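Heads up, target_9.cif below (mmCIF, C-alpha atoms):
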data_structure
#
loop_
_atom_site.label_atom_id
_atom_site.label_comp_id
_atom_site.auth_asym_id
_atom_site.auth_seq_id
_atom_site.Cartn_x
_atom_site.Cartn_y
_atom_site.Cartn_z
CA MET A 1 -34.18 77.10 -10.84
CA VAL A 2 -32.44 75.12 -13.56
CA LYS A 3 -29.05 75.87 -12.05
CA GLN A 4 -30.19 74.70 -8.60
CA LYS A 5 -31.40 71.39 -10.06
CA GLN A 6 -28.12 70.79 -11.87
CA GLU A 7 -25.96 71.29 -8.79
CA PRO A 8 -27.42 68.31 -6.82
CA GLU A 9 -27.06 66.14 -9.92
CA GLN A 10 -23.39 67.09 -10.26
CA GLU A 11 -22.78 66.45 -6.57
CA GLN A 12 -24.34 62.97 -6.86
CA GLU A 13 -22.17 62.23 -9.91
CA PHE A 14 -19.02 63.24 -8.02
CA ALA A 15 -20.09 61.12 -5.04
CA ASN A 16 -20.30 57.98 -7.24
CA ARG A 17 -16.90 58.62 -8.80
CA PRO A 18 -14.15 56.21 -7.63
CA ASP A 19 -11.33 57.57 -5.50
CA ASN A 20 -8.39 59.02 -7.32
CA THR A 21 -5.96 56.25 -6.41
CA ALA A 22 -3.65 54.15 -8.52
CA PHE A 23 -5.70 51.02 -7.79
CA THR A 24 -9.19 52.38 -8.51
CA GLN A 25 -8.02 54.37 -11.53
CA GLN A 26 -6.04 51.41 -12.91
CA ARG A 27 -2.69 53.16 -12.86
CA LEU A 28 -0.78 50.35 -11.15
CA PRO A 29 2.44 49.30 -12.90
CA ALA A 30 1.98 46.19 -15.05
CA TRP A 31 4.15 43.92 -17.14
CA GLN A 32 3.03 42.21 -20.30
CA PRO A 33 5.36 39.86 -22.18
CA ILE A 34 5.85 40.43 -25.87
CA LEU A 35 5.54 37.00 -27.45
CA SER A 36 8.11 37.02 -30.21
CA ALA A 37 9.39 34.06 -32.19
CA GLY A 38 12.62 34.17 -30.22
CA ILE A 39 10.63 33.48 -27.02
CA VAL A 40 7.82 31.20 -28.18
CA ILE A 41 9.85 28.72 -30.24
CA PRO A 42 12.52 28.01 -27.56
CA GLY A 43 9.74 27.92 -24.97
CA PHE A 44 7.91 25.20 -26.87
CA VAL A 45 11.16 23.25 -27.28
CA LEU A 46 11.97 23.42 -23.56
CA ILE A 47 8.43 22.46 -22.52
CA GLY A 48 8.40 19.59 -25.02
CA LEU A 49 11.76 18.24 -23.84
CA ALA A 50 10.66 18.50 -20.20
CA PHE A 51 7.44 16.60 -20.94
CA ILE A 52 9.33 13.95 -22.91
CA GLY A 53 11.76 13.48 -20.04
CA ILE A 54 8.95 13.12 -17.50
CA GLY A 55 7.09 10.79 -19.85
CA VAL A 56 10.10 8.52 -20.30
CA ALA A 57 10.62 8.34 -16.53
CA LEU A 58 6.94 7.55 -15.89
CA PHE A 59 6.75 4.98 -18.68
CA VAL A 60 9.96 3.16 -17.70
CA THR A 61 8.93 3.12 -14.03
CA SER A 62 5.46 1.81 -14.90
CA ARG A 63 6.99 -1.00 -16.94
CA ARG A 64 9.04 -2.08 -13.92
CA ILE A 65 5.96 -2.49 -11.74
CA GLN A 66 4.88 -6.10 -11.41
CA MET A 67 1.18 -6.81 -11.71
CA MET A 68 -0.81 -10.03 -12.05
CA GLU A 69 -4.56 -10.24 -12.68
CA ILE A 70 -6.66 -13.39 -12.28
CA ASP A 71 -10.31 -13.48 -13.31
CA TYR A 72 -12.50 -15.69 -11.14
CA THR A 73 -16.00 -14.80 -12.36
CA GLY A 74 -16.57 -18.45 -13.26
CA VAL A 75 -18.43 -17.93 -16.53
CA GLU A 76 -16.27 -20.41 -18.46
CA GLN A 77 -17.04 -24.06 -17.78
CA ASN A 78 -13.36 -24.88 -17.27
CA SER A 79 -13.04 -22.21 -14.59
CA PRO A 80 -12.48 -23.48 -11.02
CA CYS A 81 -15.24 -21.10 -9.89
CA PHE A 82 -17.81 -22.17 -12.49
CA LYS A 83 -19.93 -24.07 -9.97
CA CYS A 84 -20.02 -21.01 -7.69
CA SER A 85 -21.35 -18.66 -10.39
CA ASP A 86 -24.78 -20.29 -10.06
CA PRO A 87 -26.83 -17.94 -7.79
CA SER A 88 -28.65 -20.91 -6.27
CA VAL A 89 -25.38 -22.29 -4.82
CA LYS A 90 -24.74 -20.90 -1.34
CA ASN A 91 -21.54 -20.83 0.75
CA CYS A 92 -19.48 -21.91 -2.22
CA MET A 93 -15.69 -22.18 -2.12
CA CYS A 94 -13.37 -22.33 -5.10
CA GLN A 95 -9.61 -22.47 -5.51
CA LEU A 96 -7.34 -20.75 -8.03
CA ASP A 97 -3.87 -22.19 -8.54
CA PHE A 98 -1.14 -20.05 -10.07
CA SER A 99 2.63 -19.79 -10.14
CA ILE A 100 5.18 -16.97 -9.94
CA ASP A 101 8.40 -17.31 -11.96
CA THR A 102 10.48 -14.66 -10.17
CA LEU A 103 10.33 -12.80 -6.88
CA PHE A 104 7.26 -10.58 -6.74
CA LYS A 105 8.90 -7.66 -4.93
CA GLY A 106 7.21 -6.33 -1.82
CA PRO A 107 5.31 -4.72 -0.43
CA VAL A 108 2.65 -6.56 -2.44
CA PHE A 109 -0.82 -5.06 -2.65
CA PHE A 110 -3.79 -7.40 -3.03
CA TYR A 111 -6.85 -5.92 -4.75
CA TYR A 112 -10.27 -7.20 -5.79
CA GLY A 113 -11.76 -5.85 -8.99
CA LEU A 114 -15.24 -5.49 -10.45
CA SER A 115 -16.28 -4.56 -13.97
CA ASN A 116 -19.48 -3.07 -15.37
CA TYR A 117 -20.37 -1.87 -11.86
CA PHE A 118 -21.54 1.74 -11.81
CA GLN A 119 -20.80 3.00 -8.33
CA ASN A 120 -20.89 6.54 -9.73
CA TYR A 121 -24.64 6.38 -10.37
CA ARG A 122 -26.07 9.43 -8.58
CA LYS A 123 -29.05 7.81 -6.85
CA TYR A 124 -26.87 4.90 -5.76
CA GLY A 125 -24.27 7.21 -4.25
CA ALA A 126 -26.86 9.31 -2.43
CA SER A 127 -28.50 6.24 -0.87
CA LYS A 128 -26.93 6.48 2.60
CA ASP A 129 -27.45 8.35 5.86
CA GLU A 130 -24.45 10.53 6.68
CA ASN A 131 -25.69 11.17 10.23
CA GLN A 132 -26.12 7.48 10.85
CA LEU A 133 -22.62 6.73 9.58
CA SER A 134 -21.18 9.40 11.88
CA GLY A 135 -22.59 7.59 14.94
CA ASP A 136 -25.80 9.56 15.55
CA LEU A 137 -28.08 7.20 17.52
CA ASP A 138 -31.23 9.13 16.56
CA SER A 139 -30.54 8.21 12.93
CA PHE A 140 -30.33 4.56 13.93
CA THR A 141 -34.03 4.49 14.77
CA ARG A 142 -35.09 7.01 12.10
CA PRO A 143 -32.96 6.51 8.98
CA ASP A 144 -32.99 9.21 6.32
CA ASP A 145 -35.44 8.84 3.42
CA SER A 146 -32.49 8.86 1.01
CA CYS A 147 -31.78 5.26 2.07
CA SER A 148 -34.97 4.01 0.42
CA PRO A 149 -35.67 1.21 -0.47
CA TYR A 150 -33.09 -0.07 2.04
CA GLU A 151 -34.36 2.11 4.86
CA LYS A 152 -36.43 -0.47 6.77
CA ASP A 153 -37.06 -4.19 6.44
CA SER A 154 -40.42 -5.90 5.85
CA ASN A 155 -41.17 -5.65 9.58
CA SER A 156 -40.56 -1.88 9.57
CA LYS A 157 -37.39 -2.25 11.59
CA PRO A 158 -34.67 0.29 10.72
CA ILE A 159 -31.69 -1.01 8.75
CA VAL A 160 -28.25 -0.01 10.06
CA PRO A 161 -26.27 0.89 8.04
CA CYS A 162 -29.00 1.81 5.57
CA GLY A 163 -28.85 2.57 1.86
CA SER A 164 -27.83 0.94 -1.38
CA VAL A 165 -24.09 1.50 -1.02
CA ALA A 166 -23.81 -0.28 2.31
CA ASN A 167 -26.29 -2.98 1.29
CA SER A 168 -24.18 -3.91 -1.74
CA MET A 169 -20.89 -4.23 0.16
CA PHE A 170 -18.44 -6.66 -1.43
CA ASN A 171 -18.32 -9.84 0.65
CA ASP A 172 -16.03 -12.31 -1.11
CA THR A 173 -13.15 -13.37 1.14
CA PHE A 174 -9.74 -14.77 0.25
CA LYS A 175 -6.96 -16.87 1.74
CA LEU A 176 -3.61 -17.18 0.01
CA TYR A 177 -1.34 -20.21 0.43
CA GLN A 178 2.14 -20.97 -0.86
CA ILE A 179 2.70 -24.58 -1.85
CA VAL A 180 5.93 -25.71 -0.19
CA ASN A 181 6.95 -29.36 -0.60
CA GLY A 182 3.34 -30.33 -1.26
CA THR A 183 1.97 -28.58 1.84
CA GLN A 184 0.06 -25.32 2.09
CA LYS A 185 1.75 -22.44 3.91
CA LEU A 186 -0.60 -19.59 4.80
CA VAL A 187 0.51 -16.18 3.50
CA PRO A 188 -0.37 -13.50 6.11
CA LEU A 189 -2.62 -10.77 4.75
CA ASP A 190 -2.54 -7.39 6.50
CA GLY A 191 -5.86 -5.54 6.50
CA LYS A 192 -4.89 -2.62 8.75
CA GLY A 193 -4.76 0.89 7.37
CA ILE A 194 -6.13 0.04 3.92
CA ALA A 195 -8.82 2.76 4.09
CA TRP A 196 -8.33 6.50 3.70
CA TRP A 197 -7.16 8.25 6.89
CA THR A 198 -9.94 10.85 6.64
CA ASP A 199 -12.61 8.16 6.33
CA TYR A 200 -11.34 6.26 9.36
CA ASN A 201 -10.64 9.22 11.65
CA ILE A 202 -13.11 11.91 10.59
CA LYS A 203 -15.93 10.95 8.24
CA TYR A 204 -17.17 7.68 9.77
CA ARG A 205 -17.58 7.18 13.50
CA ASN A 206 -19.06 4.51 15.74
CA PRO A 207 -21.51 5.42 18.51
CA SER A 208 -19.89 5.91 21.92
CA VAL A 209 -22.01 3.09 23.36
CA LYS A 210 -20.13 0.20 25.00
CA PRO A 211 -20.38 -2.60 24.05
CA LEU A 212 -20.97 -1.56 20.43
CA LYS A 213 -23.64 -4.25 20.01
CA ASN A 214 -26.01 -2.35 22.33
CA ALA A 215 -26.08 0.62 19.97
CA PHE A 216 -27.73 -1.60 17.34
CA ASN A 217 -30.60 -2.73 19.56
CA GLY A 218 -33.93 -2.52 17.74
CA THR A 219 -32.25 -2.46 14.31
CA VAL A 220 -31.50 -5.06 11.67
CA LYS A 221 -28.49 -5.65 9.43
CA PRO A 222 -28.61 -4.81 5.69
CA LEU A 223 -30.63 -7.34 3.72
CA TYR A 224 -27.68 -8.83 1.83
CA TRP A 225 -25.26 -8.96 4.76
CA SER A 226 -24.51 -12.26 6.44
CA LYS A 227 -23.72 -10.62 9.81
CA PRO A 228 -24.38 -7.27 11.50
CA ALA A 229 -21.96 -4.35 11.42
CA TYR A 230 -20.70 -4.93 14.97
CA GLU A 231 -19.50 -8.43 14.00
CA LEU A 232 -17.70 -7.68 10.74
CA ASP A 233 -14.33 -8.65 12.21
CA PRO A 234 -14.57 -11.24 15.02
CA SER A 235 -10.77 -11.28 15.41
CA ASP A 236 -10.42 -7.55 16.16
CA SER A 237 -13.02 -5.69 18.23
CA ASN A 238 -11.57 -2.34 17.12
CA ASN A 239 -12.30 -3.16 13.47
CA ASN A 240 -16.08 -3.36 13.71
CA GLY A 241 -19.01 -1.10 13.00
CA PHE A 242 -18.66 1.85 10.66
CA ILE A 243 -14.86 2.00 11.00
CA ASN A 244 -14.30 -1.50 9.67
CA GLN A 245 -11.54 -1.22 7.08
CA ASP A 246 -13.29 -3.28 4.39
CA PHE A 247 -16.50 -1.31 4.90
CA LEU A 248 -14.66 2.02 4.56
CA VAL A 249 -12.92 0.89 1.38
CA TRP A 250 -16.25 -0.09 -0.16
CA MET A 251 -18.04 3.10 0.90
CA ARG A 252 -15.51 5.24 -1.00
CA ARG A 253 -17.16 4.88 -4.39
CA ALA A 254 -15.26 4.38 -7.63
CA ALA A 255 -15.52 6.92 -10.44
CA LEU A 256 -15.46 4.40 -13.30
CA PRO A 257 -17.45 1.20 -13.94
CA ASP A 258 -14.29 -0.96 -14.03
CA PHE A 259 -12.36 -0.56 -10.79
CA THR A 260 -10.19 -2.24 -8.20
CA LYS A 261 -10.24 -1.75 -4.44
CA LEU A 262 -7.52 -2.59 -1.96
CA TYR A 263 -8.26 -5.79 -0.04
CA ARG A 264 -5.03 -6.54 1.83
CA ARG A 265 -1.28 -5.93 1.92
CA ILE A 266 1.40 -8.63 2.05
CA THR A 267 4.14 -7.20 4.25
CA GLU A 268 4.74 -9.60 7.13
CA GLY A 269 6.85 -12.59 8.09
CA ASP A 270 8.61 -14.51 5.36
CA TYR A 271 6.86 -12.37 2.76
CA ALA A 272 8.08 -8.94 3.87
CA GLU A 273 10.37 -8.83 0.81
CA GLY A 274 7.58 -10.03 -1.47
CA LEU A 275 6.18 -13.29 -2.82
CA PRO A 276 8.96 -15.79 -3.63
CA ALA A 277 8.89 -17.69 -6.90
CA GLY A 278 6.81 -20.82 -6.65
CA ASN A 279 3.31 -22.23 -6.71
CA TYR A 280 0.40 -20.62 -4.90
CA SER A 281 -3.23 -21.38 -4.18
CA LEU A 282 -5.92 -18.77 -3.61
CA VAL A 283 -8.99 -20.05 -1.76
CA ILE A 284 -12.07 -17.91 -2.41
CA ALA A 285 -15.33 -17.76 -0.50
CA TYR A 286 -17.52 -16.93 -3.51
CA ASN A 287 -20.46 -14.84 -2.27
CA TYR A 288 -20.81 -11.75 -4.43
CA PRO A 289 -23.09 -12.14 -7.49
CA VAL A 290 -22.11 -10.26 -10.65
CA LEU A 291 -23.67 -12.15 -13.56
CA SER A 292 -27.04 -10.44 -13.09
CA PHE A 293 -25.53 -7.18 -14.40
CA GLU A 294 -23.03 -8.85 -16.76
CA GLY A 295 -20.14 -7.98 -14.50
CA ARG A 296 -16.88 -9.78 -13.84
CA LYS A 297 -14.66 -10.31 -10.80
CA LYS A 298 -10.91 -10.52 -10.52
CA VAL A 299 -8.04 -10.39 -8.06
CA VAL A 300 -4.97 -8.27 -8.67
CA PHE A 301 -1.50 -8.54 -7.14
CA SER A 302 0.71 -5.51 -7.62
CA ASN A 303 3.59 -3.59 -6.14
CA VAL A 304 4.18 0.16 -6.36
CA TYR A 305 6.95 2.65 -7.08
CA TRP A 306 7.34 6.38 -6.42
CA MET A 307 4.69 7.14 -9.07
CA GLY A 308 2.14 4.77 -7.53
CA GLY A 309 0.66 1.72 -9.25
CA LYS A 310 1.04 0.55 -12.82
CA ASN A 311 -0.23 3.23 -15.20
CA GLU A 312 1.37 3.39 -18.63
CA PHE A 313 -1.21 5.87 -19.91
CA LEU A 314 0.25 8.73 -17.86
CA GLY A 315 3.72 8.26 -19.32
CA ILE A 316 2.34 7.93 -22.85
CA ALA A 317 0.28 11.10 -22.39
CA TYR A 318 3.38 13.07 -21.37
CA LEU A 319 5.33 11.67 -24.33
CA VAL A 320 2.58 12.59 -26.79
CA ILE A 321 2.17 16.15 -25.46
CA GLY A 322 5.95 16.66 -25.36
CA SER A 323 6.36 15.38 -28.91
CA MET A 324 3.57 17.66 -30.12
CA CYS A 325 5.30 20.66 -28.52
CA VAL A 326 8.60 19.83 -30.25
CA VAL A 327 6.86 19.27 -33.61
CA MET A 328 4.95 22.54 -33.27
CA SER A 329 8.19 24.40 -32.47
CA ILE A 330 9.75 23.00 -35.67
CA VAL A 331 6.69 24.02 -37.71
CA MET A 332 6.77 27.54 -36.22
CA LEU A 333 10.51 27.80 -36.94
CA ILE A 334 9.94 26.85 -40.60
CA VAL A 335 7.09 29.34 -40.94
CA TYR A 336 9.16 32.04 -39.23
CA ALA A 337 12.19 31.36 -41.43
CA LYS A 338 10.12 31.46 -44.60
CA PHE A 339 8.04 34.56 -43.93
CA LYS A 340 10.04 36.63 -41.46
CA PHE A 341 13.75 36.40 -42.25
CA PRO A 342 13.50 38.15 -45.68
CA ASP A 343 11.72 41.11 -44.06
CA ASP A 344 14.49 41.49 -41.48
CA GLU A 345 17.08 41.83 -44.25
#
As structure tokens, the full file:
Amino acid sequence: MVKQKQEPEQEQEFANRPDNTAFTQQRLPAWQPILSAGIVIPGFVLIGLAFIGIGVALFVTSRRIQMMEIDYTGVEQNSPCFKCSDPSVKNCMCQLDFSIDTLFKGPVFFYYGLSNYFQNYRKYGASKDENQLSGDLDSFTRPDDSCSPYEKDSNSKPIVPCGSVANSMFNDTFKLYQIVNGTQKLVPLDGKGIAWWTDYNIKYRNPSVKPLKNAFNGTVKPLYWSKPAYELDPSDSNNNGFINQDFLVWMRRAALPDFTKLYRRITEGDYAEGLPAGNYSLVIAYNYPVLSFEGRKKVVFSNVYWMGGKNEFLGIAYLVIGSMCVVMSIVMLIVYAKFKFPDDE
């Protein structure tokens, strides 16, 4: 009886045993490097020199990039925008005058910047209706609860687009003029294609209703917007609704509290090669309040190279890591020479 009980147990044990193959029995050929001093020390030197070379290229390129920042918050009393910083002042315009000493090489990118603005706050980022922004008409009349408290207005009418992100859309506008012989010459600003391709073509869609205005029947605009979504760009009917370029740029939230977002490009007409040296005037429609959260506003003019925009930190980081690798290789060589060479003799 004991022998009969043992046989089924042995059969079950054999059944659970892996197949006798090179893979299951871990007999596959393998290669493992032997890290000797003759490999590690030259390896650190080569890696360090490569990082230093990349760092020098990045740093030198970043230094060549032209960038100009102008703060227009209006906190200082001598600021041209001081009068506009008062929240009680509506439809305020201010003008910033500046000069450029040498050619600001094109294409020139025109950004607006905000500081102390936490777009990465989780509840803020979740306050939107993805279905609504993809053109679902059912979500127009029944916005998602995640949009609260910007889901419906005081009359219980649905807000489209709903949520905190859309409601807080940046709404300052700018016009740039070059002063030529005492007269103002308008600099053309190109706002096409400033948003991510995936946002414009995939993520955000307008309803298929024509005209677009009819899709918004029975809804209201966000509380802090001056005009509804279907009238964001009166000059271009294809740049309205949820695929408006400025709207898409704003809806892609920034990761850090101090950020810049692309507003326009300067690539046309007499300014295709860049902004010539001379005097300029930037006329600002000051609408966006920032003093309530101790924020600041600025405009940034910049050009780009193969590495992108101005970023000296990346080059410095490569230089530091490369230098550390070279220093560590020297330290390891000294240690190896002191403790290993006598043993080899």
Give me the residues of segment 278-340 of chain A that have any atom at most 9 Å from an atom of segment 169-189 of chain A; for each, the nearest atom pair and the distance in Å, rounded to one decimal. Use all atoms listed in the file, sort by chain and number, and format it as a tab-separated table.
residue	atom	partner	partner_atom	distance
A:Gly278	CA	A:Ile179	CA	7.4
A:Asn279	CA	A:Ile179	CA	5.4
A:Tyr280	CA	A:Gln178	CA	4.4
A:Ser281	CA	A:Tyr177	CA	5.1
A:Leu282	CA	A:Leu176	CA	4.6
A:Val283	CA	A:Lys175	CA	5.1
A:Ile284	CA	A:Phe174	CA	4.7
A:Ala285	CA	A:Thr173	CA	5.2
A:Tyr286	CA	A:Asp172	CA	5.4
A:Asn287	CA	A:Asp172	CA	5.2
A:Tyr288	CA	A:Asp172	CA	5.8
What would the file look like if the residues just selected were written as an mmCIF file, in the coordinates of the input with C-alpha atoms?
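Saved to part17.cif:
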data_model
loop_
_atom_site.group_PDB
_atom_site.id
_atom_site.type_symbol
_atom_site.label_atom_id
_atom_site.label_comp_id
_atom_site.auth_asym_id
_atom_site.auth_seq_id
_atom_site.Cartn_x
_atom_site.Cartn_y
_atom_site.Cartn_z
ATOM 1 C CA GLY A 278 6.810 -20.820 -6.650
ATOM 2 C CA ASN A 279 3.310 -22.230 -6.710
ATOM 3 C CA TYR A 280 0.400 -20.620 -4.900
ATOM 4 C CA SER A 281 -3.230 -21.380 -4.180
ATOM 5 C CA LEU A 282 -5.920 -18.770 -3.610
ATOM 6 C CA VAL A 283 -8.990 -20.050 -1.760
ATOM 7 C CA ILE A 284 -12.070 -17.910 -2.410
ATOM 8 C CA ALA A 285 -15.330 -17.760 -0.500
ATOM 9 C CA TYR A 286 -17.520 -16.930 -3.510
ATOM 10 C CA ASN A 287 -20.460 -14.840 -2.270
ATOM 11 C CA TYR A 288 -20.810 -11.750 -4.430
#
Open item on the list: Taking all atoms listed in the file into account, name the residue in A:Val160, A:Ala254, A:Cys325, A:Ala229 that is nearest to Ala50 of chain A.
Closed with: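 Answer, going by the shortest atom-to-atom distance: A:Cys325.
Distance annotation: of A:Leu114, A:Val249, A:Ile39, A:Leu133, the residue with the minimal separation from Met332 of chain A is A:Ile39; atom set is all atoms listed in the file.
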Open item on the list: Please compute the atom CA of Gly193 of chain A-atom CA of Pro228 of chain A distance, one decimal, in Å.
Closed with: 21.6 Å
Task: Contacts of segment 123-125 of chain A at 9 Å (only C-alpha atoms; same-chain gap of 3+ positions) as JSON, numbers by chain - done: {"A": [118, 119, 120, 128, 146, 163, 164, 165, 253]}
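The coordinates place atom CA of Glu294 of chain A at 28.7 Å from atom CA of Ser99 of chain A.
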I need segment 245-335 of chain A from the structure I supplied, saved as a PDB file, in the first residue's frame with C-alpha atoms retained.
ATOM      1  CA  GLN A 245      -4.089  77.034 -31.903  1.00  0.00           C
ATOM      2  CA  ASP A 246      -3.910  79.275 -28.824  1.00  0.00           C
ATOM      3  CA  PHE A 247      -6.410  77.060 -27.010  1.00  0.00           C
ATOM      4  CA  LEU A 248      -4.410  73.916 -27.810  1.00  0.00           C
ATOM      5  CA  VAL A 249      -1.169  75.504 -26.619  1.00  0.00           C
ATOM      6  CA  TRP A 250      -2.789  76.443 -23.313  1.00  0.00           C
ATOM      7  CA  MET A 251      -4.432  73.045 -22.787  1.00  0.00           C
ATOM      8  CA  ARG A 252      -1.045  71.300 -22.923  1.00  0.00           C
ATOM      9  CA  ARG A 253      -0.128  71.936 -19.306  1.00  0.00           C
ATOM     10  CA  ALA A 254       3.348  72.920 -18.145  1.00  0.00           C
ATOM     11  CA  ALA A 255       5.285  70.704 -15.753  1.00  0.00           C
ATOM     12  CA  LEU A 256       6.882  73.523 -13.748  1.00  0.00           C
ATOM     13  CA  PRO A 257       5.422  76.648 -12.099  1.00  0.00           C
ATOM     14  CA  ASP A 258       7.588  78.993 -14.212  1.00  0.00           C
ATOM     15  CA  PHE A 259       6.980  78.350 -17.896  1.00  0.00           C
ATOM     16  CA  THR A 260       6.730  79.853 -21.351  1.00  0.00           C
ATOM     17  CA  LYS A 261       4.302  78.946 -24.120  1.00  0.00           C
ATOM     18  CA  LEU A 262       4.626  79.663 -27.816  1.00  0.00           C
ATOM     19  CA  TYR A 263       2.444  82.569 -28.921  1.00  0.00           C
ATOM     20  CA  ARG A 264       3.559  83.303 -32.482  1.00  0.00           C
ATOM     21  CA  ARG A 265       6.395  82.917 -34.986  1.00  0.00           C
ATOM     22  CA  ILE A 266       7.994  85.743 -36.971  1.00  0.00           C
ATOM     23  CA  THR A 267       8.794  84.247 -40.358  1.00  0.00           C
ATOM     24  CA  GLU A 268       7.076  86.339 -43.031  1.00  0.00           C
ATOM     25  CA  GLY A 269       7.683  89.325 -45.274  1.00  0.00           C
ATOM     26  CA  ASP A 270      10.544  91.645 -44.469  1.00  0.00           C
ATOM     27  CA  TYR A 271      11.177  89.711 -41.263  1.00  0.00           C
ATOM     28  CA  ALA A 272      11.783  86.252 -42.745  1.00  0.00           C
ATOM     29  CA  GLU A 273      15.508  86.628 -41.946  1.00  0.00           C
ATOM     30  CA  GLY A 274      14.749  87.912 -38.447  1.00  0.00           C
ATOM     31  CA  LEU A 275      14.182  91.210 -36.660  1.00  0.00           C
ATOM     32  CA  PRO A 276      16.497  93.947 -37.998  1.00  0.00           C
ATOM     33  CA  ALA A 277      18.342  96.199 -35.579  1.00  0.00           C
ATOM     34  CA  GLY A 278      16.235  99.154 -34.536  1.00  0.00           C
ATOM     35  CA  ASN A 279      13.475 100.335 -32.259  1.00  0.00           C
ATOM     36  CA  TYR A 280      10.312  98.358 -31.623  1.00  0.00           C
ATOM     37  CA  SER A 281       7.027  98.806 -29.811  1.00  0.00           C
ATOM     38  CA  LEU A 282       4.950  95.989 -28.353  1.00  0.00           C
ATOM     39  CA  VAL A 283       1.289  96.863 -27.783  1.00  0.00           C
ATOM     40  CA  ILE A 284      -0.342  94.628 -25.172  1.00  0.00           C
ATOM     41  CA  ALA A 285      -4.010  94.056 -24.455  1.00  0.00           C
ATOM     42  CA  TYR A 286      -3.598  93.444 -20.721  1.00  0.00           C
ATOM     43  CA  ASN A 287      -6.358  91.048 -19.623  1.00  0.00           C
ATOM     44  CA  TYR A 288      -4.843  88.205 -17.626  1.00  0.00           C
ATOM     45  CA  PRO A 289      -4.610  88.805 -13.843  1.00  0.00           C
ATOM     46  CA  VAL A 290      -1.600  87.353 -12.030  1.00  0.00           C
ATOM     47  CA  LEU A 291      -1.112  89.465  -8.900  1.00  0.00           C
ATOM     48  CA  SER A 292      -3.735  87.511  -6.958  1.00  0.00           C
ATOM     49  CA  PHE A 293      -1.361  84.513  -6.820  1.00  0.00           C
ATOM     50  CA  GLU A 294       1.851  86.596  -6.769  1.00  0.00           C
ATOM     51  CA  GLY A 295       2.660  85.655 -10.329  1.00  0.00           C
ATOM     52  CA  ARG A 296       4.456  87.557 -13.053  1.00  0.00           C
ATOM     53  CA  LYS A 297       4.080  87.877 -16.820  1.00  0.00           C
ATOM     54  CA  LYS A 298       6.695  88.288 -19.508  1.00  0.00           C
ATOM     55  CA  VAL A 299       7.265  88.052 -23.238  1.00  0.00           C
ATOM     56  CA  VAL A 300      10.224  86.206 -24.701  1.00  0.00           C
ATOM     57  CA  PHE A 301      11.800  86.519 -28.149  1.00  0.00           C
ATOM     58  CA  SER A 302      14.133  83.703 -29.101  1.00  0.00           C
ATOM     59  CA  ASN A 303      15.573  81.807 -32.027  1.00  0.00           C
ATOM     60  CA  VAL A 304      16.601  78.152 -32.081  1.00  0.00           C
ATOM     61  CA  TYR A 305      19.453  75.933 -33.255  1.00  0.00           C
ATOM     62  CA  TRP A 306      19.762  72.182 -33.838  1.00  0.00           C
ATOM     63  CA  MET A 307      19.593  71.571 -30.065  1.00  0.00           C
ATOM     64  CA  GLY A 308      16.389  73.588 -29.646  1.00  0.00           C
ATOM     65  CA  GLY A 309      16.026  76.709 -27.525  1.00  0.00           C
ATOM     66  CA  LYS A 310      18.492  78.304 -25.145  1.00  0.00           C
ATOM     67  CA  ASN A 311      19.408  75.833 -22.397  1.00  0.00           C
ATOM     68  CA  GLU A 312      22.861  76.165 -20.862  1.00  0.00           C
ATOM     69  CA  PHE A 313      22.054  73.690 -18.090  1.00  0.00           C
ATOM     70  CA  LEU A 314      22.159  70.707 -20.463  1.00  0.00           C
ATOM     71  CA  GLY A 315      25.658  71.552 -21.677  1.00  0.00           C
ATOM     72  CA  ILE A 316      26.876  72.199 -18.126  1.00  0.00           C
ATOM     73  CA  ALA A 317      25.418  68.877 -16.971  1.00  0.00           C
ATOM     74  CA  TYR A 318      27.314  66.996 -19.696  1.00  0.00           C
ATOM     75  CA  LEU A 319      30.535  68.843 -18.812  1.00  0.00           C
ATOM     76  CA  VAL A 320      30.179  68.039 -15.112  1.00  0.00           C
ATOM     77  CA  ILE A 321      29.435  64.337 -15.684  1.00  0.00           C
ATOM     78  CA  GLY A 322      32.266  64.048 -18.223  1.00  0.00           C
ATOM     79  CA  SER A 323      34.728  65.743 -15.880  1.00  0.00           C
ATOM     80  CA  MET A 324      33.689  63.452 -13.030  1.00  0.00           C
ATOM     81  CA  CYS A 325      34.318  60.400 -15.232  1.00  0.00           C
ATOM     82  CA  VAL A 326      37.815  61.618 -16.141  1.00  0.00           C
ATOM     83  CA  VAL A 327      38.624  62.446 -12.503  1.00  0.00           C
ATOM     84  CA  MET A 328      37.368  59.048 -11.353  1.00  0.00           C
ATOM     85  CA  SER A 329      39.500  57.312 -13.995  1.00  0.00           C
ATOM     86  CA  ILE A 330      42.583  59.165 -12.682  1.00  0.00           C
ATOM     87  CA  VAL A 331      41.736  58.195  -9.092  1.00  0.00           C
ATOM     88  CA  MET A 332      41.250  54.538 -10.106  1.00  0.00           C
ATOM     89  CA  LEU A 333      44.553  54.596 -12.011  1.00  0.00           C
ATOM     90  CA  ILE A 334      46.392  55.916  -8.934  1.00  0.00           C
ATOM     91  CA  VAL A 335      44.780  53.311  -6.685  1.00  0.00           C
TER      92      VAL A 335
END
